[in-house]
file final-v3.cif (mmCIF, C-alpha atoms and all ligand atoms)
data_query
loop_
_atom_site.label_atom_id
_atom_site.label_comp_id
_atom_site.auth_asym_id
_atom_site.auth_seq_id
_atom_site.Cartn_x
_atom_site.Cartn_y
_atom_site.Cartn_z
CA MET A 1366 92.81 115.72 127.38
CA SER A 1367 92.32 112.07 126.70
CA ASN A 1368 93.47 109.28 128.96
CA THR A 1369 96.38 106.94 128.48
CA ILE A 1370 95.03 103.49 127.59
CA ILE A 1371 98.35 101.73 126.96
CA GLU A 1372 101.59 102.48 128.71
CA VAL A 1373 104.80 100.72 127.70
CA LYS A 1374 107.83 101.38 129.90
CA ASN A 1375 111.35 100.36 129.06
CA LEU A 1376 110.20 97.29 127.13
CA TYR A 1377 113.01 94.89 126.29
CA LYS A 1378 112.87 91.61 124.36
CA LYS A 1379 115.64 89.18 123.57
CA TYR A 1380 115.35 86.10 121.36
CA GLY A 1381 118.36 84.12 122.58
CA ASP A 1382 121.20 86.62 122.24
CA PHE A 1383 119.39 88.77 119.71
CA GLU A 1384 117.89 92.01 121.01
CA ALA A 1385 114.67 92.55 119.06
CA VAL A 1386 113.20 95.37 121.21
CA LYS A 1387 115.65 97.62 123.03
CA HIS A 1388 114.09 99.42 125.98
CA ILE A 1389 111.26 101.27 124.30
CA SER A 1390 108.68 103.44 126.06
CA PHE A 1391 105.50 104.93 124.66
CA GLU A 1392 101.89 105.67 125.48
CA VAL A 1393 98.72 105.23 123.48
CA MET A 1394 95.80 107.54 124.21
CA GLU A 1395 92.23 106.36 124.48
CA GLY A 1396 90.37 106.78 121.19
CA GLU A 1397 93.36 107.41 118.95
CA ILE A 1398 94.74 105.52 115.99
CA PHE A 1399 98.36 104.91 116.89
CA GLY A 1400 100.79 103.69 114.24
CA LEU A 1401 103.96 101.69 114.73
CA LEU A 1402 106.03 102.33 111.62
CA GLY A 1403 109.25 100.62 110.73
CA PRO A 1404 111.05 98.46 108.21
CA ASN A 1405 110.83 94.66 108.30
CA GLY A 1406 112.50 93.24 111.37
CA ALA A 1407 112.21 96.51 113.35
CA GLY A 1408 110.37 94.81 116.21
CA LYS A 1409 106.80 95.94 115.49
CA SER A 1410 105.09 92.55 115.70
CA THR A 1411 107.14 91.55 118.73
CA THR A 1412 106.01 94.73 120.53
CA LEU A 1413 102.36 94.23 119.59
CA GLU A 1414 102.34 90.57 120.54
CA ILE A 1415 103.82 91.33 123.96
CA ILE A 1416 101.08 93.91 124.64
CA GLU A 1417 98.51 91.40 123.35
CA THR A 1418 99.77 88.91 126.00
CA LEU A 1419 100.74 86.48 123.23
CA ARG A 1420 104.51 86.73 123.71
CA GLU A 1421 106.72 86.93 126.81
CA LYS A 1422 108.81 90.04 127.33
CA THR A 1423 112.34 89.90 128.71
CA SER A 1424 111.86 92.97 130.90
CA GLY A 1425 110.00 96.24 131.19
CA GLU A 1426 106.45 97.10 132.17
CA VAL A 1427 103.20 97.23 130.23
CA PHE A 1428 99.86 98.59 131.43
CA VAL A 1429 96.68 98.22 129.42
CA ASN A 1430 93.65 100.18 130.61
CA GLY A 1431 95.37 100.51 133.97
CA MET A 1432 96.02 96.77 134.31
CA ASN A 1433 99.51 95.41 134.74
CA LEU A 1434 100.35 92.85 132.03
CA ASP A 1435 102.27 90.70 134.51
CA LYS A 1436 99.43 90.56 137.00
CA GLU A 1437 96.22 90.63 134.99
CA PRO A 1438 96.82 89.17 131.53
CA ASN A 1439 93.42 87.53 131.46
CA HIS A 1440 91.63 90.79 132.19
CA ILE A 1441 93.63 92.44 129.44
CA LYS A 1442 92.67 89.69 126.97
CA ARG A 1443 89.02 90.45 127.62
CA ILE A 1444 89.21 94.08 126.53
CA ILE A 1445 91.37 93.73 123.43
CA GLY A 1446 90.72 92.51 119.90
CA VAL A 1447 93.51 90.73 118.09
CA GLN A 1448 93.67 89.78 114.41
CA LEU A 1449 94.45 86.12 113.94
CA GLN A 1450 96.95 84.96 111.39
CA THR A 1451 94.90 83.88 108.39
CA SER A 1452 95.94 80.27 108.91
CA GLY A 1453 93.95 80.32 112.15
CA TYR A 1454 90.59 80.00 110.38
CA TYR A 1455 88.91 76.71 109.63
CA PRO A 1456 88.84 76.83 105.83
CA ASN A 1457 85.65 74.84 105.43
CA LEU A 1458 83.37 76.83 107.70
CA ASN A 1459 81.37 79.71 106.26
CA LEU A 1460 81.61 83.22 107.69
CA VAL A 1461 78.51 82.93 109.88
CA GLU A 1462 79.75 79.61 111.29
CA LEU A 1463 83.18 81.10 111.99
CA ILE A 1464 81.69 84.09 113.81
CA ASN A 1465 79.47 81.80 115.87
CA LEU A 1466 82.51 79.71 116.74
CA PHE A 1467 84.47 82.77 117.96
CA ALA A 1468 81.44 84.19 119.75
CA GLY A 1469 81.16 80.87 121.58
CA LEU A 1470 84.84 80.98 122.54
CA TYR A 1471 84.46 84.52 123.88
CA ASN A 1472 81.10 83.63 125.44
CA GLU A 1473 79.73 86.77 123.82
CA PRO A 1474 76.27 86.75 122.22
CA THR A 1475 76.78 88.03 118.67
CA ASP A 1476 74.56 88.53 115.64
CA PRO A 1477 76.80 87.38 112.77
CA LEU A 1478 74.87 89.29 110.10
CA ILE A 1479 75.08 92.62 111.95
CA LEU A 1480 78.80 92.11 112.36
CA LEU A 1481 79.23 91.15 108.69
CA ASP A 1482 77.26 94.28 107.73
CA LYS A 1483 79.75 96.41 109.63
CA VAL A 1484 82.59 95.16 107.44
CA ASN A 1485 80.53 95.09 104.26
CA LEU A 1486 80.49 91.29 103.94
CA ARG A 1487 76.84 90.44 104.51
CA ASP A 1488 76.45 89.06 101.01
CA LYS A 1489 79.33 86.67 101.75
CA ALA A 1490 77.67 85.24 104.85
CA LYS A 1491 77.49 81.75 103.38
CA ALA A 1492 80.91 81.87 101.69
CA LYS A 1493 83.83 79.95 103.11
CA TYR A 1494 86.82 81.88 104.37
CA LYS A 1495 89.07 80.33 101.70
CA GLU A 1496 86.77 81.67 98.96
CA LEU A 1497 87.30 85.33 99.94
CA SER A 1498 89.58 87.78 98.15
CA GLY A 1499 92.55 89.31 99.98
CA GLY A 1500 90.64 92.46 100.95
CA GLN A 1501 87.60 90.47 102.06
CA LYS A 1502 89.78 88.20 104.20
CA GLN A 1503 91.26 91.24 105.92
CA ARG A 1504 87.82 92.76 106.52
CA PHE A 1505 86.60 89.47 107.93
CA SER A 1506 89.56 89.16 110.26
CA ILE A 1507 88.90 92.72 111.47
CA ALA A 1508 85.27 91.72 112.10
CA THR A 1509 86.46 88.87 114.31
CA THR A 1510 88.50 91.33 116.41
CA LEU A 1511 85.26 93.18 117.22
CA ILE A 1512 83.29 90.19 118.59
CA ASN A 1513 84.15 90.77 122.24
CA LYS A 1514 83.42 94.53 121.91
CA PRO A 1515 87.02 95.44 122.69
CA LYS A 1516 88.27 98.82 123.92
CA ILE A 1517 91.42 98.41 121.82
CA ILE A 1518 92.13 96.53 118.60
CA PHE A 1519 95.53 95.57 117.26
CA LEU A 1520 96.06 95.42 113.49
CA ASP A 1521 99.42 94.10 112.29
CA GLU A 1522 99.97 95.16 108.66
CA PRO A 1523 96.30 94.81 107.74
CA THR A 1524 96.74 96.26 104.24
CA THR A 1525 99.94 94.59 103.11
CA GLY A 1526 99.42 93.05 99.67
CA LEU A 1527 96.05 94.68 98.99
CA ASP A 1528 95.22 96.67 95.84
CA PRO A 1529 94.59 100.44 96.16
CA GLN A 1530 90.79 100.10 96.24
CA ALA A 1531 90.82 97.42 98.93
CA ARG A 1532 93.35 99.45 100.90
CA ARG A 1533 91.12 102.55 100.89
CA ASN A 1534 88.11 100.47 101.78
CA LEU A 1535 89.99 99.14 104.80
CA TRP A 1536 91.01 102.67 105.81
CA ASP A 1537 87.33 103.66 105.86
CA LEU A 1538 86.55 100.63 108.01
CA ILE A 1539 89.35 101.45 110.47
CA LEU A 1540 88.19 105.09 110.70
CA ASP A 1541 84.64 103.85 111.37
CA ILE A 1542 85.85 101.58 114.16
CA ARG A 1543 87.71 104.47 115.77
CA LYS A 1544 84.63 106.68 115.41
CA SER A 1545 82.71 104.19 117.53
CA GLY A 1546 85.23 104.83 120.33
CA THR A 1547 87.64 101.94 119.90
CA THR A 1548 91.37 102.66 120.18
CA VAL A 1549 93.37 101.26 117.25
CA ILE A 1550 97.03 100.27 117.14
CA ILE A 1551 98.22 99.53 113.64
CA THR A 1552 101.52 98.63 112.04
CA THR A 1553 102.24 99.49 108.44
CA HIS A 1554 105.07 100.34 106.13
CA TYR A 1555 102.87 102.41 103.86
CA MET A 1556 103.56 106.01 104.85
CA ASP A 1557 100.59 107.41 102.91
CA GLU A 1558 98.41 105.11 104.97
CA ALA A 1559 99.93 106.29 108.24
CA GLU A 1560 99.43 109.90 107.17
CA VAL A 1561 95.74 109.33 106.43
CA LEU A 1562 94.92 107.15 109.42
CA CYS A 1563 97.17 107.81 112.37
CA ASP A 1564 96.76 110.52 115.00
CA ARG A 1565 100.26 109.72 116.20
CA VAL A 1566 103.01 107.41 115.03
CA ALA A 1567 106.16 105.94 116.50
CA ILE A 1568 108.97 105.21 114.08
CA ILE A 1569 110.85 102.13 115.19
CA ASP A 1570 114.09 100.83 113.71
CA SER A 1571 116.30 97.98 114.96
CA GLY A 1572 114.26 97.72 118.13
CA LYS A 1573 114.46 101.40 119.08
CA ILE A 1574 111.92 104.22 118.83
CA ILE A 1575 113.53 107.03 116.87
CA ALA A 1576 110.66 109.50 116.71
CA ILE A 1577 107.15 109.74 118.09
CA ALA A 1578 104.58 112.45 117.30
CA SER A 1579 101.71 113.22 114.94
CA PRO A 1580 102.54 112.77 111.23
CA ASP A 1581 102.09 116.54 110.76
CA LYS A 1582 104.53 117.40 113.51
CA LEU A 1583 107.14 114.94 112.22
CA ILE A 1584 106.91 116.41 108.72
CA ASP A 1585 107.08 120.01 110.02
CA ASP A 1586 110.09 119.16 112.18
CA LEU A 1587 111.90 117.68 109.19
CA VAL A 1588 111.10 120.72 107.04
CA ALA A 1589 112.35 122.98 109.85
CA THR A 1590 115.78 121.37 109.56
CA GLY A 1591 116.00 122.74 106.02
CA PHE A 1592 115.03 119.48 104.37
CA GLU A 1593 113.56 119.81 100.89
CA ARG A 1594 112.49 117.15 98.46
CA PRO A 1595 115.06 116.84 95.68
CA LYS A 1596 112.65 117.80 92.90
CA GLU A 1597 109.44 119.74 92.45
CA VAL A 1598 106.61 117.55 93.66
CA LYS A 1599 103.70 117.10 91.29
CA LYS A 1600 100.23 117.80 92.58
CA ALA A 1601 99.19 114.19 92.04
CA SER A 1602 100.86 110.81 92.40
CA LEU A 1603 100.68 107.77 90.16
CA GLU A 1604 98.40 106.24 92.77
CA ASP A 1605 96.07 109.26 92.36
CA VAL A 1606 96.06 108.57 88.60
CA PHE A 1607 95.27 104.90 89.21
CA ILE A 1608 92.37 105.73 91.53
CA HIS A 1609 91.16 108.47 89.15
CA TYR A 1610 90.85 105.99 86.27
CA THR A 1611 89.75 102.88 88.15
CA GLY A 1612 87.57 104.43 90.86
CA ARG A 1613 87.33 103.65 94.53
CA SER A 1614 84.82 100.85 94.38
CA LEU A 1615 85.87 97.32 95.16
CA ARG A 1616 86.17 94.79 92.31
CA ASP A 1617 86.59 91.65 94.28
CA GLU A 1618 83.03 90.91 95.29
P1 LIG A 1701 108.63 93.43 112.44
O1 LIG A 1701 107.27 93.03 112.81
O2 LIG A 1701 108.93 94.86 112.68
O3 LIG A 1701 108.97 93.05 111.02
P2 LIG A 1701 109.45 91.39 114.34
O4 LIG A 1701 109.00 91.88 115.66
O5 LIG A 1701 108.65 90.34 113.68
O6 LIG A 1701 109.66 92.64 113.36
O7 LIG A 1701 110.93 90.85 114.46
C1 LIG A 1701 111.98 91.62 115.03
C2 LIG A 1701 113.26 90.82 114.96
O8 LIG A 1701 113.18 89.70 115.83
C3 LIG A 1701 113.55 90.28 113.56
O9 LIG A 1701 114.95 90.36 113.35
C4 LIG A 1701 113.10 88.85 113.67
O10 LIG A 1701 113.86 88.03 112.79
C5 LIG A 1701 113.38 88.51 115.11
N1 LIG A 1701 112.43 87.50 115.61
C6 LIG A 1701 111.08 87.60 115.60
N2 LIG A 1701 110.50 86.52 116.16
C7 LIG A 1701 111.52 85.71 116.53
C8 LIG A 1701 111.60 84.43 117.19
N3 LIG A 1701 110.50 83.78 117.57
N4 LIG A 1701 112.83 83.92 117.41
C9 LIG A 1701 113.94 84.58 117.04
N5 LIG A 1701 113.95 85.78 116.43
C10 LIG A 1701 112.76 86.35 116.19
MG MG A 1702 105.75 92.19 111.69
#
call {"tool": "encode", "arguments": {"input": "final-v3.cif", "output": "structure tokens"}}
result
Amino acid sequence: MSNTIIEVKNLYKKYGDFEAVKHISFEVMEGEIFGLLGPNGAGKSTTLEIIETLREKTSGEVFVNGMNLDKEPNHIKRIIGVQLQTSGYYPNLNLVELINLFAGLYNEPTDPLILLDKVNLRDKAKAKYKELSGGQKQRFSIATTLINKPKIIFLDEPTTGLDPQARRNLWDLILDIRKSGTTVIITTHYMDEAEVLCDRVAIIDSGKIIAIASPDKLIDDLVATGFERPKEVKKASLEDVFIHYTGRSLRDE
């Protein structure tokens, strides 16, 4: 059995009078890819940002790698990797300069080219952040989460707005990161993505967790209730057709 690396107990968050997160509890296991799924406004980002120490909770308890969020936020910061909002990058620095800047902030010796290799951006080493395509920007921002060699990385909708090739490329990268032993928490509203990537998912709606299990178990449970899709499902989807004709390789580099 694997160990619990994140424990969230009875987490509650109010913005003024508005209850964004309503007493949710869940655990994330070491080494898994855990998905928080939910429509816009469900409370996914709020939950992540509280665990990341970037946002205050109203009440509840959070433990990360055994450390209490209220008591040791700085220790927690050291073992997690957080994706910055894209606006957080200096647009006129190139990728090597940006990595060196972050490495300096973390006080973590880093070889920028090795890191860029990991996310398939070595040939963009001298490019400025603003010159990257959407998929490249996402890969770069994932690279920056890895600088401090974190035990856990947090990815908030990393594939929103990407084309199918860039999305698959990012899935491979996320699976690689997990293979190296890093725990991944990801939010998405693409269910195909959650099915491919996540060991377990929590479905969150209006600030409450409605279901939590592996994608397989959730699907089997629904089928067991007698649920059937309204019409015969074809063996391929339009996305399969698109990938069949256009291939998996990236076009934006
Ligand atoms: P999600 O990431 O699932 O889309 P969020 O956690 O961003 O959801 O937001 C949950 C709810 O809280 C939304 O209704 C949002 O409008 C509200 N909210 C988020 N941030 C703030 C804030 N700083 N002040 C007030 N309301 C907020
Ligand atoms: Mg969000």
call {"tool": "closest_atom_pairs", "arguments": {"input": "final-v3.cif", "of": "stretch 1455-1528 of chain A", "to": "stretch 1401-1421 of chain A", "cutoff": "12 Å", "atoms": "all atoms listed in the file", "output": "JSON lines"}}
result
{"residue": "A:Ile1517", "atom": "CA", "partner": "A:Glu1417", "partner_atom": "CA", "distance": 10.1}
{"residue": "A:Ile1518", "atom": "CA", "partner": "A:Glu1417", "partner_atom": "CA", "distance": 9.5}
{"residue": "A:Phe1519", "atom": "CA", "partner": "A:Leu1413", "partner_atom": "CA", "distance": 7.3}
{"residue": "A:Leu1520", "atom": "CA", "partner": "A:Leu1413", "partner_atom": "CA", "distance": 8.8}
{"residue": "A:Asp1521", "atom": "CA", "partner": "A:Ser1410", "partner_atom": "CA", "distance": 6.8}
{"residue": "A:Glu1522", "atom": "CA", "partner": "A:Ser1410", "partner_atom": "CA", "distance": 9.1}
call {"tool": "closest_residue", "arguments": {"input": "final-v3.cif", "among": "A:Glu1560, A:Glu1426, A:Asp1570, A:Asp1537", "to": "A:Ala1385", "atoms": "all atoms listed in the file"}}
result
A:Asp1570
call {"tool": "atom_distance", "arguments": {"input": "final-v3.cif", "atom1": "atom CA of A:Val1566", "atom2": "atom CA of A:Asn1485"}}
result
27.8 Å
call {"tool": "residues_around", "arguments": {"input": "final-v3.cif", "residues": "A:Val1427", "least_positions_apart": "2", "cutoff": "8 Å", "atoms": "all atoms listed in the file", "output": "PDB file with C-alpha atoms, in the coordinates of the input"}}
result
ATOM      1  CA  ILE A1371      98.350 101.730 126.960  1.00  0.00           C
ATOM      2  CA  GLU A1372     101.590 102.480 128.710  1.00  0.00           C
ATOM      3  CA  VAL A1373     104.800 100.720 127.700  1.00  0.00           C
ATOM      4  CA  LYS A1374     107.830 101.380 129.900  1.00  0.00           C
ATOM      5  CA  LEU A1376     110.200  97.290 127.130  1.00  0.00           C
ATOM      6  CA  ILE A1416     101.080  93.910 124.640  1.00  0.00           C
ATOM      7  CA  GLY A1425     110.000  96.240 131.190  1.00  0.00           C
ATOM      8  CA  VAL A1429      96.680  98.220 129.420  1.00  0.00           C
ATOM      9  CA  ASN A1433      99.510  95.410 134.740  1.00  0.00           C
ATOM     10  CA  LEU A1434     100.350  92.850 132.030  1.00  0.00           C
ATOM     11  CA  ASP A1435     102.270  90.700 134.510  1.00  0.00           C
TER      12      ASP A1435
END
call {"tool": "residues_around", "arguments": {"input": "final-v3.cif", "residues": "A:Leu1480", "least_positions_apart": "3", "cutoff": "9 Å", "atoms": "all atoms listed in the file", "output": "ChimeraX atom specification"}}
result
/A:1464,1475-1477,1483-1487,1508-1509,1511-1512
call {"tool": "closest_residue", "arguments": {"input": "final-v3.cif", "among": "A:Leu1603, A:Ser1571, A:Arg1532, A:Ala1492", "to": "ligand LIG 1701 (chain A)", "atoms": "all atoms listed in the file"}}
result
A:Ser1571
call {"tool": "residues_around", "arguments": {"input": "final-v3.cif", "residues": "stretch 1611-1616 of chain A", "least_positions_apart": "4", "cutoff": "9 Å", "atoms": "only C-alpha atoms", "output": "PyMOL selection string"}}
result
chain A and resi 1500+1529-1531+1533-1534+1606-1607
call {"tool": "residues_around", "arguments": {"input": "final-v3.cif", "residues": "stretch 1576-1591 of chain A", "least_positions_apart": "5", "cutoff": "12 Å", "atoms": "only C-alpha atoms", "output": "ChimeraX atom specification"}}
result
/A:1389-1393,1397-1403,1556-1570
call {"tool": "closest_residue", "arguments": {"input": "final-v3.cif", "among": "A:Ser1602, A:Val1461, A:Asn1513, A:Glu1496", "to": "A:Pro1474", "atoms": "all atoms listed in the file"}}
result
A:Asn1513
call {"tool": "residues_around", "arguments": {"input": "final-v3.cif", "residues": "stretch 1377-1379 of chain A", "least_positions_apart": "6", "cutoff": "6 Å", "atoms": "all atoms listed in the file", "output": "list in words"}}
result
Ala1385, Val1386, Lys1387, His1388, Lys1422, Thr1423, Ser1424 and Gly1425 of chain A
call {"tool": "atom_distance", "arguments": {"input": "final-v3.cif", "atom1": "atom CA of A:Lys1596", "atom2": "atom CA of A:Thr1525"}}
result
28.4 Å
call {"tool": "closest_residue", "arguments": {"input": "final-v3.cif", "among": "A:Pro1523, A:Asp1605, A:Val1598, A:Thr1547", "to": "ligand MG 1702 (chain A)", "atoms": "all atoms listed in the file"}}
result
A:Pro1523
call {"tool": "decode", "arguments": {"input": "final-v3.cif", "residues": "stretch 1478-1505 of chain A", "atoms": "N, CA and C atoms", "output": "CSV table (one decimal), in the first residue's frame"}}
result
chain,number,residue,atom,x,y,z
A,1478,LEU,N,19.5,23.4,-19.7
A,1478,LEU,CA,19.3,22.6,-20.9
A,1478,LEU,C,18.8,21.2,-20.6
A,1479,ILE,N,19.2,20.6,-19.5
A,1479,ILE,CA,18.7,19.3,-19.1
A,1479,ILE,C,17.2,19.4,-18.8
A,1480,LEU,N,16.9,20.4,-18.1
A,1480,LEU,CA,15.4,20.6,-17.8
A,1480,LEU,C,14.6,20.8,-19.1
A,1481,LEU,N,15.1,21.6,-20.0
A,1481,LEU,CA,14.4,21.9,-21.2
A,1481,LEU,C,14.3,20.6,-22.1
A,1482,ASP,N,15.3,19.8,-22.0
A,1482,ASP,CA,15.2,18.5,-22.7
A,1482,ASP,C,14.1,17.6,-22.2
A,1483,LYS,N,13.9,17.7,-20.9
A,1483,LYS,CA,12.8,16.9,-20.3
A,1483,LYS,C,11.5,17.2,-20.8
A,1484,VAL,N,11.3,18.5,-21.2
A,1484,VAL,CA,10.0,18.9,-21.7
A,1484,VAL,C,10.0,19.2,-23.2
A,1485,ASN,N,11.1,18.6,-23.8
A,1485,ASN,CA,11.2,18.7,-25.2
A,1485,ASN,C,11.2,20.1,-25.8
A,1486,LEU,N,12.0,21.0,-25.1
A,1486,LEU,CA,12.1,22.4,-25.5
A,1486,LEU,C,13.5,22.9,-25.7
A,1487,ARG,N,14.4,21.9,-25.8
A,1487,ARG,CA,15.8,22.3,-25.9
A,1487,ARG,C,16.1,23.2,-27.0
A,1488,ASP,N,15.4,23.0,-28.2
A,1488,ASP,CA,15.7,23.8,-29.3
A,1488,ASP,C,15.1,25.2,-29.2
A,1489,LYS,N,14.3,25.4,-28.1
A,1489,LYS,CA,13.8,26.8,-27.9
A,1489,LYS,C,14.5,27.5,-26.8
A,1490,ALA,N,15.7,27.0,-26.4
A,1490,ALA,CA,16.4,27.5,-25.3
A,1490,ALA,C,16.6,29.0,-25.4
A,1491,LYS,N,16.8,29.5,-26.6
A,1491,LYS,CA,17.1,31.0,-26.7
A,1491,LYS,C,15.8,31.8,-27.1
A,1492,ALA,N,14.7,31.1,-27.2
A,1492,ALA,CA,13.5,31.8,-27.5
A,1492,ALA,C,12.9,32.5,-26.3
A,1493,LYS,N,12.2,33.6,-26.5
A,1493,LYS,CA,11.5,34.2,-25.4
A,1493,LYS,C,10.2,33.5,-25.1
A,1494,TYR,N,9.8,33.6,-23.9
A,1494,TYR,CA,8.5,33.0,-23.4
A,1494,TYR,C,7.4,33.4,-24.4
A,1495,LYS,N,7.3,34.7,-24.7
A,1495,LYS,CA,6.2,35.2,-25.5
A,1495,LYS,C,6.2,34.7,-26.9
A,1496,GLU,N,7.3,34.1,-27.3
A,1496,GLU,CA,7.4,33.6,-28.7
A,1496,GLU,C,6.9,32.1,-28.8
A,1497,LEU,N,6.6,31.5,-27.6
A,1497,LEU,CA,6.2,30.1,-27.7
A,1497,LEU,C,4.7,29.9,-28.0
A,1498,SER,N,4.4,28.7,-28.6
A,1498,SER,CA,3.0,28.4,-28.9
A,1498,SER,C,2.3,28.0,-27.5
A,1499,GLY,N,1.0,27.8,-27.6
A,1499,GLY,CA,0.3,27.5,-26.3
A,1499,GLY,C,0.8,26.2,-25.7
A,1500,GLY,N,1.0,25.1,-26.5
A,1500,GLY,CA,1.5,23.9,-25.9
A,1500,GLY,C,2.9,24.0,-25.3
A,1501,GLN,N,3.8,24.8,-26.1
A,1501,GLN,CA,5.1,25.0,-25.6
A,1501,GLN,C,5.1,25.8,-24.3
A,1502,LYS,N,4.2,26.8,-24.2
A,1502,LYS,CA,4.2,27.6,-22.9
A,1502,LYS,C,3.8,26.7,-21.8
A,1503,GLN,N,2.8,25.8,-22.0
A,1503,GLN,CA,2.4,24.9,-20.9
A,1503,GLN,C,3.6,23.9,-20.5
A,1504,ARG,N,4.3,23.4,-21.6
A,1504,ARG,CA,5.4,22.5,-21.2
A,1504,ARG,C,6.5,23.3,-20.4
A,1505,PHE,N,6.7,24.6,-20.9
A,1505,PHE,CA,7.7,25.3,-20.1
A,1505,PHE,C,7.3,25.6,-18.7
